[in-house]
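One structure below.
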Amino acid sequence: MLVYLRLLKESFGFAMNALTNNKLRTLLSLLGVTIGIFSIIAVLAAVDSLDRKISKDLSGLDKNTIYLIKFSFGPSEIPQWKREQFPNVKYDEYTYMKGSMTNTDQMAYQIFTRRESIKYDSKTVSAINIVPVSHEFIDIQGLEFEKGRFYNESEANSGATVIVLGNEIAKSLFEDAEPIGKNVRLYGKRFTVIGVLKKEGSGLFGDSNDTSAYIPVNFVRQLYGDNNTSLTNVIIFKPQKGVDMEAYKGEISQKLRSFRGLKAGEIDNFFINVFSGFTDLIDGILGQMNLVGWIISGFSLLVGGFGIANIMFVSVKERTNLIGIQKSLGAKNRFILFQFLFEAVILSVIGGVIGLLLVWIISVVLTKALDFEFVLGMGNVILGTGLAAIIGLISGILPAIAASKLDPVEAIRTGM
């Protein structure tokens with residue numbers, strides 16, 4: 001064991017000597033490994049960070065949550081012109097389904113509407129994502145509050161002028177003042193602030209609860225009516241745990257078809273979108289990003305491997321005389337083999353560490369510059385180091401074998 005430790009120490013010394021004596025050559029040779037490890041780990045870290053962000057943003061939603069709406073969240077066999085003719089989901093359909101559906105934990109009604117401005121005294125916050133929803137939404141979405149509360153059933157049904165603000169909106173309008181109980185102007189009306197949500201950071205698709213405001217859906221219905229084509233409505237279902245999802249979707253389809261008077265043979269003029277399908281789509285995209293990253297980085301690692309092999313062949317040639325002397329003093333082939341293998345691995349790991357260091361620096365800069373936490377996990381650090389070591393091992397095997405098979409007499413004569 002002590003022999004191999006000494007061997008490792010000597011190999012490290014030779015590797016550092018190669019770095020110091022042939023700086024440019026070694027730097028250019030290690031560049032491939034550095035770029036390869038940087039590319040792979042940067043992609044993996046970005047995907048991991050994005051996956052963590054997605055999990056955080058969607059943690060409040062059950063994967064079995066269903067969105068009943070006029071369009072599909074994914075690809076559809078129905079032509080677009082026909083889908084555009086589908087009617088909006090109506091509030092009376094929501095009340096009917098709420099009273100007739102079985103195995104349902106919660107059901108909510110939401111309207112997607114355009115962005116608006118909210119005013120308080122002389123301050124205005126523009127391009128706010130207004131979210132008109134029924135009171136059950138909080139039990140489906142799982143909103144977290146910094147102050148106050150969500151509106152209750154009575155306020156929701158009457159279309160009361162109450163509002164729940166995202167954290168950034170509240171900070172912009174009120175700064176350090178108490179927002180609860182204050183009146184803000186929206187749609188030309190005075191809305192009383194009853195709640196402020198906890199800060200959560202930027203959302204997956206740009207919007208987040210920080211820049212959103214929740215109001216009773218019936219207020220918007222009273223303002224625009226139920227037949228406004230510029231609005232899109234959705235019924236959100238949260239099934240009970242353990243329910244047969246196919247049977248549950250079948251019940252939704254059967255009841256809505258019956259309510260709309262669709263005849264046998266007519267296609268559904270609505271879409272039942274399960275949230276798990278959306279997350280599966282995102283997982284597929286992340287998987288493709290990983291694959292592309294590995295393919296692109298693989299070429300860099302291939303170049304890096306040739307660079308390490310080049311260094312080692314040059315090193316064998318420069319130390320031919322030393323190899324001959326070691327062998328004449330009794331050094332076995334295995335000793336020479338391991339000496340050069342260790343040196344190749346050390347050089348490659350140095351290149352990999354430089355690549356990891358670059359990823360870490362960029363992750364710190366991006367985290368501070370953007371409202372997004374870019375994380376370089378320990379798993380990726382270990383993977384990057386391991387990959388670098390494997391590249392060094394593979395690249396150094398041929399030079400190491402060539403060195404171990406040198407004849408001591410010929411090696412000493414050649415080196416003289």
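Numbering starts fresh at 1 for the residues of each chain in the structure tokens, the chains themselves are lettered A, B, ... in the order given, and ligands are numbered from 1 as they appear.
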Compile a residue-level contact table for segment 321-351 of chain A against segment 303-316 of chain A at a cut-off of 8 Å, reporting for every qualifying residue the shortest atom pair and its distance in Å to one decimal, with only C-alpha atoms counted, rows ordered by chain and ascending number, as a tab-separated table.
residue	atom	partner	partner_atom	distance
A:Phe340	CA	A:Met312	CA	7.4
A:Ala344	CA	A:Ile308	CA	6.6
A:Leu347	CA	A:Ile308	CA	7.4
A:Ser348	CA	A:Ile308	CA	6.8
Could you please take those selected residues and save N, CA and C atoms as a short mmCIF file (atom, residue, chain, number, x, y, z; two decimals), in the first residue's frame?
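So the final result, stored in result-v5.cif, reads:
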data_model
loop_
_atom_site.label_atom_id
_atom_site.label_comp_id
_atom_site.auth_asym_id
_atom_site.auth_seq_id
_atom_site.Cartn_x
_atom_site.Cartn_y
_atom_site.Cartn_z
N PHE A 340 2.45 5.96 -15.06
CA PHE A 340 1.95 6.79 -16.16
C PHE A 340 0.42 6.89 -16.16
N ALA A 344 -1.68 10.38 -16.00
CA ALA A 344 -2.72 10.74 -16.96
C ALA A 344 -4.02 11.11 -16.25
N LEU A 347 -3.65 14.55 -14.50
CA LEU A 347 -3.73 15.65 -15.47
C LEU A 347 -5.18 15.87 -15.92
N SER A 348 -5.88 14.78 -16.19
CA SER A 348 -7.27 14.89 -16.65
C SER A 348 -8.16 15.45 -15.56
#
Subject >> Residue contacts of Thr229 of chain A (12 Å, only C-alpha atoms) excluding same-chain residues fewer than 5 positions away, as a list in words >> reply: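 Within the cut-off, the hits are Lys70, Glu84, Gln85, Phe86, Pro87, Asn88, Val89, Lys90, Ile111, Phe112, Thr113 and Tyr224 of chain A.
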Could the residues in this selection be saved with C-alpha atoms as a PDB file, in the first residue's frame?
ATOM      1  CA  LYS A  70     -61.801  24.487 -24.543  1.00  0.00           C
ATOM      2  CA  GLU A  84     -61.329  27.231 -32.325  1.00  0.00           C
ATOM      3  CA  GLN A  85     -65.079  26.652 -32.635  1.00  0.00           C
ATOM      4  CA  PHE A  86     -65.327  24.921 -29.245  1.00  0.00           C
ATOM      5  CA  PRO A  87     -67.413  26.873 -26.704  1.00  0.00           C
ATOM      6  CA  ASN A  88     -66.017  28.252 -23.466  1.00  0.00           C
ATOM      7  CA  VAL A  89     -66.694  26.377 -20.265  1.00  0.00           C
ATOM      8  CA  LYS A  90     -69.593  28.140 -18.501  1.00  0.00           C
ATOM      9  CA  ILE A 111     -61.220  32.908 -15.839  1.00  0.00           C
ATOM     10  CA  PHE A 112     -58.080  33.763 -17.809  1.00  0.00           C
ATOM     11  CA  THR A 113     -58.203  37.475 -18.513  1.00  0.00           C
ATOM     12  CA  TYR A 224     -67.900  41.120 -18.658  1.00  0.00           C
TER      13      TYR A 224
END
**OP:** Can you pull out every residue within 7 Å of His135 of chain A, counting only C-alpha atoms, but drop anything in the same chain fewer than 5 positions away, and send it as a PyMOL selection string?
**Re:** chain A and resi 151-153+156
Writing out the chosen residues with C-alpha atoms as a PDB file, in the first residue's frame:
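Okay, this is what ended up in out_36.pdb:
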ATOM      1  CA  TYR A 151     -61.738  35.398   0.326  1.00  0.00           C
ATOM      2  CA  ASN A 152     -64.502  33.124   1.641  1.00  0.00           C
ATOM      3  CA  GLU A 153     -67.473  31.515  -0.122  1.00  0.00           C
ATOM      4  CA  ALA A 156     -66.725  34.835  -3.823  1.00  0.00           C
TER       5      ALA A 156
END
Subject >> Close residues, Asn167 of chain A itself excluded, 9 Å, only C-alpha atoms, min 6 positions apart in chain, as a ChimeraX atom specification >> reply: /A:146,196-200,209-212
Restricting the output to N, CA and C atoms, write the selected residues as a short mmCIF file (atom, residue, chain, number, x, y, z; two decimals), in the first residue's frame.
data_model
loop_
_atom_site.label_atom_id
_atom_site.label_comp_id
_atom_site.auth_asym_id
_atom_site.auth_seq_id
_atom_site.Cartn_x
_atom_site.Cartn_y
_atom_site.Cartn_z
N GLU A 146 -48.35 35.73 3.60
CA GLU A 146 -47.50 36.49 4.52
C GLU A 146 -48.38 37.24 5.51
N VAL A 196 -51.95 39.17 1.57
CA VAL A 196 -50.70 39.32 0.81
C VAL A 196 -49.98 37.97 0.83
N LEU A 197 -49.61 37.47 -0.34
CA LEU A 197 -48.97 36.16 -0.44
C LEU A 197 -47.49 36.23 -0.09
N LYS A 198 -46.95 35.08 0.31
CA LYS A 198 -45.52 34.99 0.59
C LYS A 198 -44.73 35.13 -0.70
N LYS A 199 -43.53 35.68 -0.59
CA LYS A 199 -42.66 35.83 -1.77
C LYS A 199 -42.19 34.45 -2.21
N GLU A 200 -42.24 34.21 -3.52
CA GLU A 200 -41.82 32.90 -4.02
C GLU A 200 -40.79 32.97 -5.14
N ASN A 209 -46.77 34.11 -8.42
CA ASN A 209 -47.72 34.70 -7.48
C ASN A 209 -47.26 36.06 -6.98
N ASP A 210 -45.96 36.34 -7.09
CA ASP A 210 -45.45 37.65 -6.66
C ASP A 210 -46.03 38.78 -7.49
N THR A 211 -46.34 38.49 -8.76
CA THR A 211 -46.86 39.54 -9.65
C THR A 211 -48.30 39.24 -10.06
N SER A 212 -49.02 38.49 -9.23
CA SER A 212 -50.41 38.15 -9.51
C SER A 212 -51.32 38.71 -8.43
#
**OP:** Could you please write out, as a ChimeraX atom specification, every residue of segment 46-250 of chain A that DSSP assigns to strand (DSSP E)?
**Re:** /A:66-69,104-112,116-120,123-133,145-148,162-165,183-186,189-197,212-216,232-239
**OP:** Fewer than 2 positions away in the same chain doesn't count, so skip those; otherwise give me all residues within 9 Å of Leu143 of chain A, counting only C-alpha atoms, as a ChimeraX atom specification.
**Re:** /A:60,137-141,145,150,197-198,209
Residues of the last selection are to be written out with C-alpha atoms, as a compact mmCIF listing (two decimals), in the first residue's frame.
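The resulting file, out-v6.txt, is reproduced below:
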# COMPACT_ATOMS: atom_id res chain seq x y z
CA GLY A 60 -48.81 22.95 -4.27
CA PHE A 137 -58.99 27.61 -5.55
CA ILE A 138 -56.93 28.03 -2.40
CA ASP A 139 -57.59 24.40 -1.43
CA ILE A 140 -56.34 23.25 -4.84
CA GLN A 141 -53.40 25.59 -5.34
CA PHE A 145 -49.82 33.93 2.99
CA PHE A 150 -58.15 34.39 1.01
CA LEU A 197 -48.97 36.16 -0.44
CA LYS A 198 -45.52 34.99 0.59
CA ASN A 209 -47.72 34.70 -7.48
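The gap separating atom CA of Thr192 of chain A from atom CA of Gly148 of chain A is 11.6 Å, in Å to one decimal.
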**OP:** Would you mind listing what lies within 10 Å of Asn64 of chain A as a list in words, with only C-alpha atoms counted and same-chain residues fewer than 3 positions away left out?
**Re:**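 With the cut-off at 10 Å, the set is Leu61, Tyr67, Phe237, Lys238, Pro239, Gln240, Lys241, Gly242, Val243, Met245, Asn273, Val274, Phe275, Ser276 and Gly277 of chain A.
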Subject >> segment 205-382 of chain A: residues DSSP assigns to alpha helix (DSSP H), reported as a count of residues only >> reply: 119
**OP:** Between atom CA of Leu50 of chain A and atom CA of Met289 of chain A, measure the distance and give it in Å to one decimal.
**Re:**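 A separation of 11.1 Å between them.
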**OP:** Between A:Lys368, A:Gly352, A:Ser208, A:Val375, single out the one closest to Ala388 of chain A, counting only C-alpha atoms.
**Re:**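 Ranking A:Lys368, A:Gly352, A:Ser208, A:Val375 by distance to Ala388 of chain A, first place goes to A:Gly352.
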Original post:
What lies within 9 Å of Leu302 of chain A using only C-alpha atoms, ignoring chain neighbours under 5 positions off, as number ranges by chain?
Top reply: A: 32-33, 36, 297, 307, 391
Selected residues written out with C-alpha atoms, as a PDB file, in the first residue's frame:
ATOM      1  CA  GLY A  32     -10.633  19.652 -24.363  1.00  0.00           C
ATOM      2  CA  VAL A  33     -11.227  17.963 -21.013  1.00  0.00           C
ATOM      3  CA  GLY A  36     -16.071  18.787 -22.069  1.00  0.00           C
ATOM      4  CA  SER A 297     -19.974  17.492 -24.577  1.00  0.00           C
ATOM      5  CA  GLY A 307      -4.931  15.778 -25.768  1.00  0.00           C
ATOM      6  CA  ILE A 391     -11.065  10.050 -19.583  1.00  0.00           C
TER       7      ILE A 391
END
Subject >> Separation of atom CA of Glu246 of chain A from atom CA of Gly99 of chain A in Å >> reply: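 Distance reported for this atom pair: 20.3 Å.
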